[in-house]
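Written below as structure tokens is the structure these notes are about.
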Amino acid sequence: MSPTNPDGPLRLGVNIDHVATVRNARGTDYPDPVKAALLAEQAGADGITAHLREDRRHIVDDDIARLAAQISVPLNLEMAAIPEMQAIALQHGPNAVCLVPERRAERTTEGGLDVAGDSARLRGFIAPLAAAGCRISLFVAPEPAQIDAAAAIGADIVELHTGAYCDLHLEGRLKARDAELDRIRAMAGHAADAGLEVHAGHGLTYDTVAPIAAMTQIAELNIGHFLIAEALFRGLGGAIAEMRQCMDAARAPS
Ligand code: PXP
């Protein structure tokens with residue numbers, strides 16, 4: 001298991017789910033998400049993120065086994081907080097487990113995990129994973145109650161949901177977008193003050209990444225759909241390199 005580096009520069013976790021989406025659309029064995037992960041690693045990804053959904057719509061169990069065996073950067077396994085996924089995580093020992101809410105009908109992860117409303121169950125759910133050495137990350141909306149609950153149950157990390165911010169940007173609702181950014185900024189500070197490592201992700205693109213990357217409390221961004229889409233036009237290495245440049249430029253002291 002590779003260590004992470006919370007005090008280092010802003011890390012980029014590349015989510016390779018949608019390579020598997022394309023593969024599964026035809027039931028072929030290509031494109032291979034593990035091949036994409038190894039390429040992403042070469043292109044400078046600091047970690048690989050994969051979401052094993054209950055319905056296996058993209059990543060499947062064998063992908064997780066091969067990722068765990070083959071990549072040399074940390075593996076962040078996104079999953080629902082259900083016993084089936086807990087057993088899989090314990091079997092493969094990813095560097096981190098990121099718990100997300102999951103609804104079958106959703107197109108992608110909508111909203112954050114309700115840690116505040118489910119804290120007793122989640123505390124018990126994460127205990128064996130933490131004992132096995134997995135870092136525990138909880139994907140939450142940028143709300144104080146969720147962050148406080150994450151700290152209270154002993155999570156290592158909160159990943160702040162940037163989906164609402166990115167949607168508002170796409171819809172051109174700039175005042176609301178900027179208010180959401182202020183909320184994320186305040187909650188990144190709140191989480192760091194609570195002793196949590198702060199990650200962020202969902203929906204980020206070259207156009208939306210800079211204000212998030214500029215938040216110095218944030219240690220890691222997890223980005224998938226846009227990078228895989230952009231890879232169609234410029235290759236995965238090129239897409240990742242440009243995202244890195246956007247992140248580094250935003251983080252550089254002015
Ligand atoms: N972080 C979490 C917790 C997610 O669920 C996802 C989507 O799987 C991402 C980051 C990446 O989002 P996107 O694919 O929109 O970049």
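Residues are named by chain letter and number: chains run A, B, ... in the order of the structure tokens, numbers start at 1 in each chain, and ligands are numbered from 1 in the order shown.
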
field: Given 7 Å and only C-alpha atoms and all ligand atoms, residues near ligand 1 as a list of chain:residue names
entry: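 Listing the residues within 7 Å of ligand 1 gives A:Asn15, A:His51, A:Glu78, A:Cys98, A:Val100, A:Thr108, A:Thr109, A:Phe139, A:Glu159, A:Ala200, A:Gly201, A:His202, A:Gly203, A:Leu204, A:Asn222, A:Ile223, A:Gly224, A:His225, A:Phe226.
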
Could you write those residues out with C-alpha atoms, as a CSV table (one decimal), in the first residue's frame?
```
chain,number,residue,atom,x,y,z
A,15,ASN,CA,-11.0,8.3,-12.1
A,51,HIS,CA,-16.1,3.3,-8.4
A,78,GLU,CA,-15.3,4.5,-4.3
A,98,CYS,CA,-14.3,6.7,-0.4
A,100,VAL,CA,-20.5,7.6,-1.6
A,108,THR,CA,-23.8,9.7,-11.6
A,109,THR,CA,-23.3,10.2,-7.8
A,139,PHE,CA,-17.9,12.1,-0.1
A,159,GLU,CA,-14.1,14.8,-0.3
A,200,ALA,CA,-12.7,17.6,-3.8
A,201,GLY,CA,-14.2,16.4,-7.0
A,202,HIS,CA,-17.1,15.8,-9.3
A,203,GLY,CA,-17.8,17.5,-12.6
A,204,LEU,CA,-14.5,19.4,-12.8
A,222,ASN,CA,-10.5,13.5,-8.2
A,223,ILE,CA,-11.4,14.0,-11.8
A,224,GLY,CA,-12.8,11.4,-14.3
A,225,HIS,CA,-15.5,12.1,-16.8
A,226,PHE,CA,-14.0,15.2,-18.4
```

Got a sec: who's within 10 Å of range 250-254 of chain A, counting only C-alpha atoms, leaving out chain neighbours fewer than 5 positions off, as a compact mmCIF listing (two decimals) with C-alpha atoms, in the first residue's frame?
```txt
# COMPACT_ATOMS: atom_id res chain seq x y z
CA PRO A 9 1.46 19.67 -3.56
CA LEU A 10 -2.11 19.30 -4.81
CA VAL A 209 -10.85 23.49 -11.80
CA ALA A 210 -8.85 26.66 -11.05
CA PRO A 211 -10.87 28.20 -8.18
CA ILE A 212 -11.05 24.80 -6.47
CA ALA A 213 -7.34 24.09 -6.99
CA ALA A 214 -6.53 27.51 -5.51
CA MET A 215 -8.00 26.48 -2.14
CA THR A 216 -4.87 25.65 -0.20
CA ARG A 244 -2.11 19.29 -14.09
CA GLN A 245 -1.03 22.60 -15.61
```

- request: To one decimal in Å, tell me the separation between CA of Ala87 in chain A and CA of Gln70 in chain A.
  value: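 Between CA of Ala87 in chain A and CA of Gln70 in chain A the gap is 20.2 Å.
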
Can you build me a table of range 179-236 of chain A residues sitting at most 10 Å from range 160-167 of chain A, with the closest atom pair per residue and its distance in Å to one decimal, using only C-alpha atoms, sorted by chain and residue number, as JSON lines?
```
{"residue": "A:Ala179", "atom": "CA", "partner": "A:Tyr165", "partner_atom": "CA", "distance": 8.7}
{"residue": "A:Glu180", "atom": "CA", "partner": "A:Tyr165", "partner_atom": "CA", "distance": 5.7}
{"residue": "A:Leu181", "atom": "CA", "partner": "A:Tyr165", "partner_atom": "CA", "distance": 6.5}
{"residue": "A:Asp182", "atom": "CA", "partner": "A:Tyr165", "partner_atom": "CA", "distance": 9.9}
{"residue": "A:Arg183", "atom": "CA", "partner": "A:Tyr165", "partner_atom": "CA", "distance": 9.6}
{"residue": "A:Ile184", "atom": "CA", "partner": "A:Leu160", "partner_atom": "CA", "distance": 7.3}
{"residue": "A:Arg185", "atom": "CA", "partner": "A:Leu160", "partner_atom": "CA", "distance": 9.9}
{"residue": "A:Met187", "atom": "CA", "partner": "A:Leu160", "partner_atom": "CA", "distance": 8.2}
{"residue": "A:Ala188", "atom": "CA", "partner": "A:Leu160", "partner_atom": "CA", "distance": 7.7}
{"residue": "A:Ala191", "atom": "CA", "partner": "A:Leu160", "partner_atom": "CA", "distance": 9.5}
{"residue": "A:Val198", "atom": "CA", "partner": "A:Leu160", "partner_atom": "CA", "distance": 7.3}
{"residue": "A:His199", "atom": "CA", "partner": "A:Leu160", "partner_atom": "CA", "distance": 6.1}
{"residue": "A:Ala200", "atom": "CA", "partner": "A:Leu160", "partner_atom": "CA", "distance": 4.5}
{"residue": "A:Gly201", "atom": "CA", "partner": "A:Thr162", "partner_atom": "CA", "distance": 5.3}
{"residue": "A:His202", "atom": "CA", "partner": "A:Gly163", "partner_atom": "CA", "distance": 5.0}
{"residue": "A:Gly203", "atom": "CA", "partner": "A:Gly163", "partner_atom": "CA", "distance": 5.3}
{"residue": "A:Leu204", "atom": "CA", "partner": "A:Cys166", "partner_atom": "CA", "distance": 6.5}
{"residue": "A:Thr205", "atom": "CA", "partner": "A:Cys166", "partner_atom": "CA", "distance": 8.3}
{"residue": "A:Asp207", "atom": "CA", "partner": "A:Cys166", "partner_atom": "CA", "distance": 9.2}
{"residue": "A:Thr208", "atom": "CA", "partner": "A:Cys166", "partner_atom": "CA", "distance": 6.5}
{"residue": "A:Val209", "atom": "CA", "partner": "A:Cys166", "partner_atom": "CA", "distance": 9.0}
{"residue": "A:Ile212", "atom": "CA", "partner": "A:Thr162", "partner_atom": "CA", "distance": 8.5}
{"residue": "A:Ile218", "atom": "CA", "partner": "A:Leu160", "partner_atom": "CA", "distance": 9.3}
{"residue": "A:Leu221", "atom": "CA", "partner": "A:Leu160", "partner_atom": "CA", "distance": 9.4}
```

With only C-alpha atoms counted and 10 Å as the cut-off, give the residues of range 153-187 of chain A in contact with range 114-127 of chain A, each with its shortest interatomic distance in Å and the pair that gives it, as a tab-separated table.
```
residue	atom	partner	partner_atom	distance
A:Ile153	CA	A:Arg123	CA	5.3
A:Gly154	CA	A:Arg123	CA	7.5
A:Ala155	CA	A:Ile126	CA	8.1
```
